[in-house]
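*Asks:* Next up, input-v7.pdb (PDB, C-alpha atoms and all ligand atoms).
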ATOM      1  CA  MET U   1     -49.438 125.986-183.618  1.00  0.00           C
ATOM      2  CA  ASP U   2     -50.917 123.326-185.913  1.00  0.00           C
ATOM      3  CA  ASP U   3     -48.108 123.980-188.392  1.00  0.00           C
ATOM      4  CA  ILE U   4     -45.506 123.565-185.682  1.00  0.00           C
ATOM      5  CA  ILE U   5     -46.780 120.283-184.283  1.00  0.00           C
ATOM      6  CA  GLU U   6     -46.899 118.679-187.731  1.00  0.00           C
ATOM      7  CA  LYS U   7     -43.138 119.070-188.020  1.00  0.00           C
ATOM      8  CA  THR U   8     -40.808 116.272-187.036  1.00  0.00           C
ATOM      9  CA  LEU U   9     -39.203 116.348-183.638  1.00  0.00           C
ATOM     10  CA  CYS U  10     -35.850 116.671-185.403  1.00  0.00           C
ATOM     11  CA  ALA U  11     -36.992 119.876-187.111  1.00  0.00           C
ATOM     12  CA  LEU U  12     -38.406 121.263-183.876  1.00  0.00           C
ATOM     13  CA  GLN U  13     -35.159 120.564-182.063  1.00  0.00           C
ATOM     14  CA  GLU U  14     -33.170 122.359-184.762  1.00  0.00           C
ATOM     15  CA  GLU U  15     -35.431 125.398-184.420  1.00  0.00           C
ATOM     16  CA  GLY U  16     -34.928 125.566-180.664  1.00  0.00           C
ATOM     17  CA  PHE U  17     -38.595 124.688-180.124  1.00  0.00           C
ATOM     18  CA  ILE U  18     -37.834 122.214-177.361  1.00  0.00           C
ATOM     19  CA  GLU U  19     -36.068 124.787-175.213  1.00  0.00           C
ATOM     20  CA  SER U  20     -38.594 127.568-175.806  1.00  0.00           C
ATOM     21  CA  ASN U  21     -41.771 125.423-175.702  1.00  0.00           C
ATOM     22  CA  THR U  22     -40.830 122.624-173.356  1.00  0.00           C
ATOM     23  CA  GLU U  23     -44.343 121.953-172.032  1.00  0.00           C
ATOM     24  CA  THR U  24     -45.820 121.786-175.546  1.00  0.00           C
ATOM     25  CA  PHE U  25     -43.018 119.492-176.632  1.00  0.00           C
ATOM     26  CA  LYS U  26     -43.767 117.104-173.773  1.00  0.00           C
ATOM     27  CA  LYS U  27     -47.304 116.714-175.113  1.00  0.00           C
ATOM     28  CA  LEU U  28     -45.884 115.621-178.461  1.00  0.00           C
ATOM     29  CA  ILE U  29     -43.782 112.837-176.957  1.00  0.00           C
ATOM     30  CA  GLN U  30     -45.947 111.362-174.209  1.00  0.00           C
ATOM     31  CA  PRO U  31     -47.645 108.988-174.061  1.00  0.00           C
ATOM     32  CA  ALA U  32     -45.384 107.655-176.783  1.00  0.00           C
ATOM     33  CA  ASN U  33     -47.035 105.448-179.421  1.00  0.00           C
ATOM     34  CA  TYR U  34     -44.255 105.493-182.019  1.00  0.00           C
ATOM     35  CA  PHE U  35     -40.500 105.678-182.137  1.00  0.00           C
ATOM     36  CA  CYS U  36     -38.162 106.747-184.912  1.00  0.00           C
ATOM     37  CA  LYS U  37     -35.945 104.098-186.440  1.00  0.00           C
ATOM     38  CA  ASN U  38     -33.550 106.797-187.645  1.00  0.00           C
ATOM     39  CA  CYS U  39     -32.934 108.968-184.603  1.00  0.00           C
ATOM     40  CA  GLY U  40     -34.430 106.958-181.721  1.00  0.00           C
ATOM     41  CA  ARG U  41     -36.899 109.629-180.658  1.00  0.00           C
ATOM     42  CA  SER U  42     -40.388 108.623-179.483  1.00  0.00           C
ATOM     43  CA  ALA U  43     -43.660 110.485-180.066  1.00  0.00           C
ATOM     44  CA  VAL U  44     -47.435 110.405-179.687  1.00  0.00           C
ATOM     45  CA  ASN U  45     -48.021 110.864-183.432  1.00  0.00           C
ATOM     46  CA  ASP U  46     -46.233 109.153-186.299  1.00  0.00           C
ATOM     47  CA  TYR U  47     -46.090 112.382-188.340  1.00  0.00           C
ATOM     48  CA  ASN U  48     -43.692 113.865-185.795  1.00  0.00           C
ATOM     49  CA  LEU U  49     -41.065 111.240-186.659  1.00  0.00           C
ATOM     50  CA  CYS U  50     -38.927 110.924-189.787  1.00  0.00           C
ATOM     51  CA  ASN U  51     -39.023 107.092-189.871  1.00  0.00           C
ATOM     52  CA  PRO U  52     -41.862 106.061-187.513  1.00  0.00           C
ATOM     53  CA  GLU U  53     -42.422 102.544-186.180  1.00  0.00           C
ATOM     54  CA  GLU U  54     -45.243 101.551-183.818  1.00  0.00           C
ATOM     55  CA  LEU U  55     -44.087 100.801-180.286  1.00  0.00           C
ATOM     56  CA  SER U  56     -46.800  98.202-179.627  1.00  0.00           C
ATOM     57  CA  GLY U  57     -47.424  95.203-181.820  1.00  0.00           C
TER      58      GLY U  57
HETATM   59 ZN    ZN K   1     -36.184 110.608-186.591  1.00  0.00          ZN
END
As structure tokens - that is how I would like this structure written.

*Replies:*
Amino acid sequence: MDDIIEKTLCALQEEGFIESNTETFKKLIQPANYFCKNCGRSAVNDYNLCNPEELSG
């Protein structure tokens, strides 16, 4: 599980992780602290995004 959640959200989506592990995925994206300047996704942790930017500040 630790390996999985260190992947980017883009990689998880490609693997079908979001559909098969929806509840776990929700924990990766809320409460969102960062968003991705490439794909527009938001996430709790910056390492889940390919080009992270802090939402606050
Ligand atoms: Zn991205």

*Asks:* Just say which residues the PyMOL selection byres (((not hetatm)) within 12 of (chain K and resi 1)) picks in this file, as an MDAnalysis selection string.

*Replies:* chainID U and resid 7:13 34:43 46:53

*Asks:* Edge lengths and centre in Å to one decimal, as AutoDock Vina command-line options, is what I'm after for the box along x, y and z that holds all listed atoms of region 6-25 of chain U once 6 Å is added on each side.

*Replies:*
--center_x -40.0 --center_y 121.9 --center_z -180.0 --size_x 25.7 --size_y 23.3 --size_z 28.0

*Asks:* Quote the spacing between CA of Phe17 (chain U) and CA of Pro31 (chain U) in Å to one decimal place.

*Replies:*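 Distance between the two atoms: 19.1 Å.
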
*Asks:* With all atoms listed in the file as the basis for distance, which of U:Thr22, U:Ile5, U:Leu28, U:Gly16 is at the shortest distance from Val44 (chain U)?

*Replies:*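 Once distances to Val44 (chain U) are computed over all atoms listed in the file, the minimum belongs to U:Leu28.
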
*Asks:* Because the input lacks atoms here, generate N, CA and C atoms for region 23-54 of chain U and report them as a PDB file, in the coordinates of the input.

*Replies:*
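Result file is result_0.pdb:
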ATOM      1  N   GLU U  23     -43.096 122.609-172.456  1.00  0.00           N
ATOM      2  CA  GLU U  23     -44.343 121.953-172.032  1.00  0.00           C
ATOM      3  C   GLU U  23     -45.129 121.448-173.250  1.00  0.00           C
ATOM      4  N   THR U  24     -45.152 122.233-174.330  1.00  0.00           N
ATOM      5  CA  THR U  24     -45.820 121.786-175.546  1.00  0.00           C
ATOM      6  C   THR U  24     -45.111 120.581-176.127  1.00  0.00           C
ATOM      7  N   PHE U  25     -43.792 120.604-176.099  1.00  0.00           N
ATOM      8  CA  PHE U  25     -43.018 119.492-176.632  1.00  0.00           C
ATOM      9  C   PHE U  25     -43.325 118.200-175.885  1.00  0.00           C
ATOM     10  N   LYS U  26     -43.466 118.301-174.572  1.00  0.00           N
ATOM     11  CA  LYS U  26     -43.767 117.104-173.773  1.00  0.00           C
ATOM     12  C   LYS U  26     -45.055 116.439-174.236  1.00  0.00           C
ATOM     13  N   LYS U  27     -46.022 117.267-174.663  1.00  0.00           N
ATOM     14  CA  LYS U  27     -47.304 116.714-175.113  1.00  0.00           C
ATOM     15  C   LYS U  27     -47.174 115.988-176.441  1.00  0.00           C
ATOM     16  N   LEU U  28     -46.111 116.302-177.181  1.00  0.00           N
ATOM     17  CA  LEU U  28     -45.884 115.621-178.461  1.00  0.00           C
ATOM     18  C   LEU U  28     -45.214 114.269-178.266  1.00  0.00           C
ATOM     19  N   ILE U  29     -44.577 114.063-177.133  1.00  0.00           N
ATOM     20  CA  ILE U  29     -43.782 112.837-176.957  1.00  0.00           C
ATOM     21  C   ILE U  29     -44.354 111.876-175.925  1.00  0.00           C
ATOM     22  N   GLN U  30     -45.370 112.297-175.169  1.00  0.00           N
ATOM     23  CA  GLN U  30     -45.947 111.362-174.209  1.00  0.00           C
ATOM     24  C   GLN U  30     -47.463 111.463-174.173  1.00  0.00           C
ATOM     25  N   PRO U  31     -48.195 110.345-174.109  1.00  0.00           N
ATOM     26  CA  PRO U  31     -47.645 108.988-174.061  1.00  0.00           C
ATOM     27  C   PRO U  31     -47.167 108.544-175.439  1.00  0.00           C
ATOM     28  N   ALA U  32     -45.986 108.006-175.504  1.00  0.00           N
ATOM     29  CA  ALA U  32     -45.384 107.655-176.783  1.00  0.00           C
ATOM     30  C   ALA U  32     -46.066 106.436-177.405  1.00  0.00           C
ATOM     31  N   ASN U  33     -46.455 106.560-178.667  1.00  0.00           N
ATOM     32  CA  ASN U  33     -47.035 105.448-179.421  1.00  0.00           C
ATOM     33  C   ASN U  33     -46.090 104.950-180.504  1.00  0.00           C
ATOM     34  N   TYR U  34     -45.168 105.810-180.920  1.00  0.00           N
ATOM     35  CA  TYR U  34     -44.255 105.493-182.019  1.00  0.00           C
ATOM     36  C   TYR U  34     -42.839 105.869-181.627  1.00  0.00           C
ATOM     37  N   PHE U  35     -41.883 105.230-182.271  1.00  0.00           N
ATOM     38  CA  PHE U  35     -40.500 105.678-182.137  1.00  0.00           C
ATOM     39  C   PHE U  35     -39.896 105.792-183.527  1.00  0.00           C
ATOM     40  N   CYS U  36     -38.803 106.520-183.626  1.00  0.00           N
ATOM     41  CA  CYS U  36     -38.162 106.747-184.912  1.00  0.00           C
ATOM     42  C   CYS U  36     -36.984 105.798-185.087  1.00  0.00           C
ATOM     43  N   LYS U  37     -37.012 105.064-186.180  1.00  0.00           N
ATOM     44  CA  LYS U  37     -35.945 104.098-186.440  1.00  0.00           C
ATOM     45  C   LYS U  37     -34.662 104.786-186.908  1.00  0.00           C
ATOM     46  N   ASN U  38     -34.752 106.052-187.250  1.00  0.00           N
ATOM     47  CA  ASN U  38     -33.550 106.797-187.645  1.00  0.00           C
ATOM     48  C   ASN U  38     -32.848 107.412-186.449  1.00  0.00           C
ATOM     49  N   CYS U  39     -33.587 108.169-185.649  1.00  0.00           N
ATOM     50  CA  CYS U  39     -32.934 108.968-184.603  1.00  0.00           C
ATOM     51  C   CYS U  39     -33.258 108.489-183.195  1.00  0.00           C
ATOM     52  N   GLY U  40     -34.159 107.511-183.040  1.00  0.00           N
ATOM     53  CA  GLY U  40     -34.430 106.958-181.721  1.00  0.00           C
ATOM     54  C   GLY U  40     -35.380 107.762-180.873  1.00  0.00           C
ATOM     55  N   ARG U  41     -35.923 108.852-181.415  1.00  0.00           N
ATOM     56  CA  ARG U  41     -36.899 109.629-180.658  1.00  0.00           C
ATOM     57  C   ARG U  41     -38.223 108.846-180.563  1.00  0.00           C
ATOM     58  N   SER U  42     -39.058 109.201-179.570  1.00  0.00           N
ATOM     59  CA  SER U  42     -40.388 108.623-179.483  1.00  0.00           C
ATOM     60  C   SER U  42     -41.405 109.750-179.458  1.00  0.00           C
ATOM     61  N   ALA U  43     -42.654 109.440-179.926  1.00  0.00           N
ATOM     62  CA  ALA U  43     -43.660 110.485-180.066  1.00  0.00           C
ATOM     63  C   ALA U  43     -45.059 109.903-179.989  1.00  0.00           C
ATOM     64  N   VAL U  44     -46.028 110.798-179.703  1.00  0.00           N
ATOM     65  CA  VAL U  44     -47.435 110.405-179.687  1.00  0.00           C
ATOM     66  C   VAL U  44     -47.908 110.102-181.101  1.00  0.00           C
ATOM     67  N   ASN U  45     -47.525 110.962-182.057  1.00  0.00           N
ATOM     68  CA  ASN U  45     -48.021 110.864-183.432  1.00  0.00           C
ATOM     69  C   ASN U  45     -46.910 110.483-184.403  1.00  0.00           C
ATOM     70  N   ASP U  46     -47.251 109.615-185.352  1.00  0.00           N
ATOM     71  CA  ASP U  46     -46.233 109.153-186.299  1.00  0.00           C
ATOM     72  C   ASP U  46     -45.705 110.279-187.181  1.00  0.00           C
ATOM     73  N   TYR U  47     -46.543 111.308-187.445  1.00  0.00           N
ATOM     74  CA  TYR U  47     -46.090 112.382-188.340  1.00  0.00           C
ATOM     75  C   TYR U  47     -45.045 113.291-187.709  1.00  0.00           C
ATOM     76  N   ASN U  48     -44.761 113.104-186.430  1.00  0.00           N
ATOM     77  CA  ASN U  48     -43.692 113.865-185.795  1.00  0.00           C
ATOM     78  C   ASN U  48     -42.332 113.156-185.899  1.00  0.00           C
ATOM     79  N   LEU U  49     -42.306 112.000-186.558  1.00  0.00           N
ATOM     80  CA  LEU U  49     -41.065 111.240-186.659  1.00  0.00           C
ATOM     81  C   LEU U  49     -40.673 111.059-188.122  1.00  0.00           C
ATOM     82  N   CYS U  50     -39.367 111.019-188.391  1.00  0.00           N
ATOM     83  CA  CYS U  50     -38.927 110.924-189.787  1.00  0.00           C
ATOM     84  C   CYS U  50     -38.991 109.496-190.322  1.00  0.00           C
ATOM     85  N   ASN U  51     -38.911 108.486-189.438  1.00  0.00           N
ATOM     86  CA  ASN U  51     -39.023 107.092-189.871  1.00  0.00           C
ATOM     87  C   ASN U  51     -39.763 106.299-188.794  1.00  0.00           C
ATOM     88  N   PRO U  52     -41.102 106.577-188.650  1.00  0.00           N
ATOM     89  CA  PRO U  52     -41.862 106.061-187.513  1.00  0.00           C
ATOM     90  C   PRO U  52     -42.096 104.557-187.557  1.00  0.00           C
ATOM     91  N   GLU U  53     -42.099 103.964-186.378  1.00  0.00           N
ATOM     92  CA  GLU U  53     -42.422 102.544-186.180  1.00  0.00           C
ATOM     93  C   GLU U  53     -43.291 102.470-184.933  1.00  0.00           C
ATOM     94  N   GLU U  54     -44.371 101.686-184.980  1.00  0.00           N
ATOM     95  CA  GLU U  54     -45.243 101.551-183.818  1.00  0.00           C
ATOM     96  C   GLU U  54     -44.520 100.876-182.668  1.00  0.00           C
TER      97      GLU U  54
END
